[in-house]
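Notes follow once the structure below has been shown.
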Amino acid sequence: MEENTISLNVFSSFIFLTNVGLAYYYNYTLYLIIFLLLFTTSVTHHYYQTFTTNIIDKITVLLVVSYGFYIFINKCLNNSLLLKDYICILAVILTFLSTIYLYCYGYIYNEYCFCQNLIEQEYYHGFMHCMASLGHHIIMLM
């Protein structure tokens, strides 16, 4: 990528603001705070791309995943599940697995988010942002 080019992932990070809005609407205060933090660290990391911003962003991702898992498990255990809930559970699992596949499998085999083509790499990473955002939307809406 050229020196003056802003990463596509700076822009794809804005998808996390939709999670902030939904968390606000449904009064998930901690989710709102963590997603605001994720938006901030994601934009910062994808703009500056330093080791430190990468670590901080990964820690924030871990917070979002952990809290999302906590909410997800509580909703699954505390509700009498209907067919729509099973569909939501399947959707959450599929969006989670797709992000793991794009990132972890891609890292191991130098594909998707880690392929040699930098433009393609950014598209996959942006798609991963969208899948993660969608999964957390579904968790809040369950």
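By order of appearance in the structure tokens: chains A, B, ..., then residues from 1 within every chain, and ligands from 1 in the order shown.
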
With only C-alpha atoms as the counted atoms, please give the residues lying no more than 10 Å from Phe14 in chain A, apart from itself and same-chain residues fewer than 5 positions off, as a ChimeraX atom specification.
/A:9,19,38-40,42-43,129-130

For Tyr103 in chain A, find every residue with an atom within 12 Å (counting only C-alpha atoms), except residues of its own chain fewer than 4 positions away, and show them as a list in words.
Phe96, Leu97, Ser98, Thr99, Tyr107, Ile108, Tyr109, Asn110, Glu111, Tyr112, Cys113, Phe114, Cys115, Gln121, Glu122, Tyr124, His125, Gly126, Phe127, Met128, His129, Met131 and Ala132 of chain A

Applying 12 Å and only C-alpha atoms, which residues near Val65 in chain A remain after dropping the ones on its own chain fewer than 2 positions away? List them as a PyMOL selection string.
chain A and resi 31+34-35+38+58-63+67-73+92+95-96+99-100+132-133+135-136+139

Writer output for current selection, C-alpha atoms, as a compact mmCIF listing (two decimals), in the first residue's frame:
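So the final result, stored in result.txt, reads:
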# COMPACT_ATOMS: atom_id res chain seq x y z
CA TYR A 31 -21.56 -3.75 25.41
CA ILE A 34 -16.72 -2.11 24.81
CA PHE A 35 -17.90 -1.55 21.23
CA LEU A 38 -13.35 -1.50 19.79
CA LYS A 58 -6.49 -7.49 20.03
CA ILE A 59 -7.13 -7.03 23.76
CA THR A 60 -10.30 -5.09 22.93
CA VAL A 61 -11.39 -7.81 20.48
CA LEU A 62 -10.91 -10.32 23.29
CA LEU A 63 -13.12 -8.17 25.57
CA TYR A 67 -18.60 -10.34 26.83
CA GLY A 68 -20.55 -11.41 23.75
CA PHE A 69 -20.03 -15.06 24.72
CA TYR A 70 -21.20 -14.28 28.27
CA ILE A 71 -24.40 -12.61 27.01
CA PHE A 72 -24.94 -15.38 24.45
CA ILE A 73 -24.61 -18.21 27.00
CA VAL A 92 -24.13 -16.58 15.92
CA THR A 95 -20.57 -15.76 12.14
CA PHE A 96 -18.12 -16.62 14.94
CA THR A 99 -14.30 -14.83 11.67
CA ILE A 100 -12.09 -17.53 13.20
CA ALA A 132 -18.28 -10.01 13.72
CA SER A 133 -20.61 -7.03 13.89
CA GLY A 135 -22.90 -11.87 15.12
CA HIS A 136 -23.02 -9.40 17.99
CA ILE A 139 -26.72 -11.76 20.22

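You will find CA of Thr50 in chain A at 25.4 Å from CA of Val20 in chain A.
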
Using backbone DSSP assignments, extract all helix (DSSP H, G or I) residues from chain A; output them as a PyMOL selection string.
chain A and resi 8-25+29-48+51-78+83-109+112-114+118-141

Which residue out of A:Val64, A:Leu90, A:Val10, A:Met142 has the minimum interatomic distance to Gln49 in chain A when only C-alpha atoms are used?
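Ranking A:Val64, A:Leu90, A:Val10, A:Met142 by distance to Gln49 in chain A, first place goes to A:Val10.
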
What is the CA of Leu77 in chain A-CA of Leu141 in chain A distance in Å, reported with one decimal?
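Separating CA of Leu77 in chain A from CA of Leu141 in chain A is a distance of 15.5 Å.
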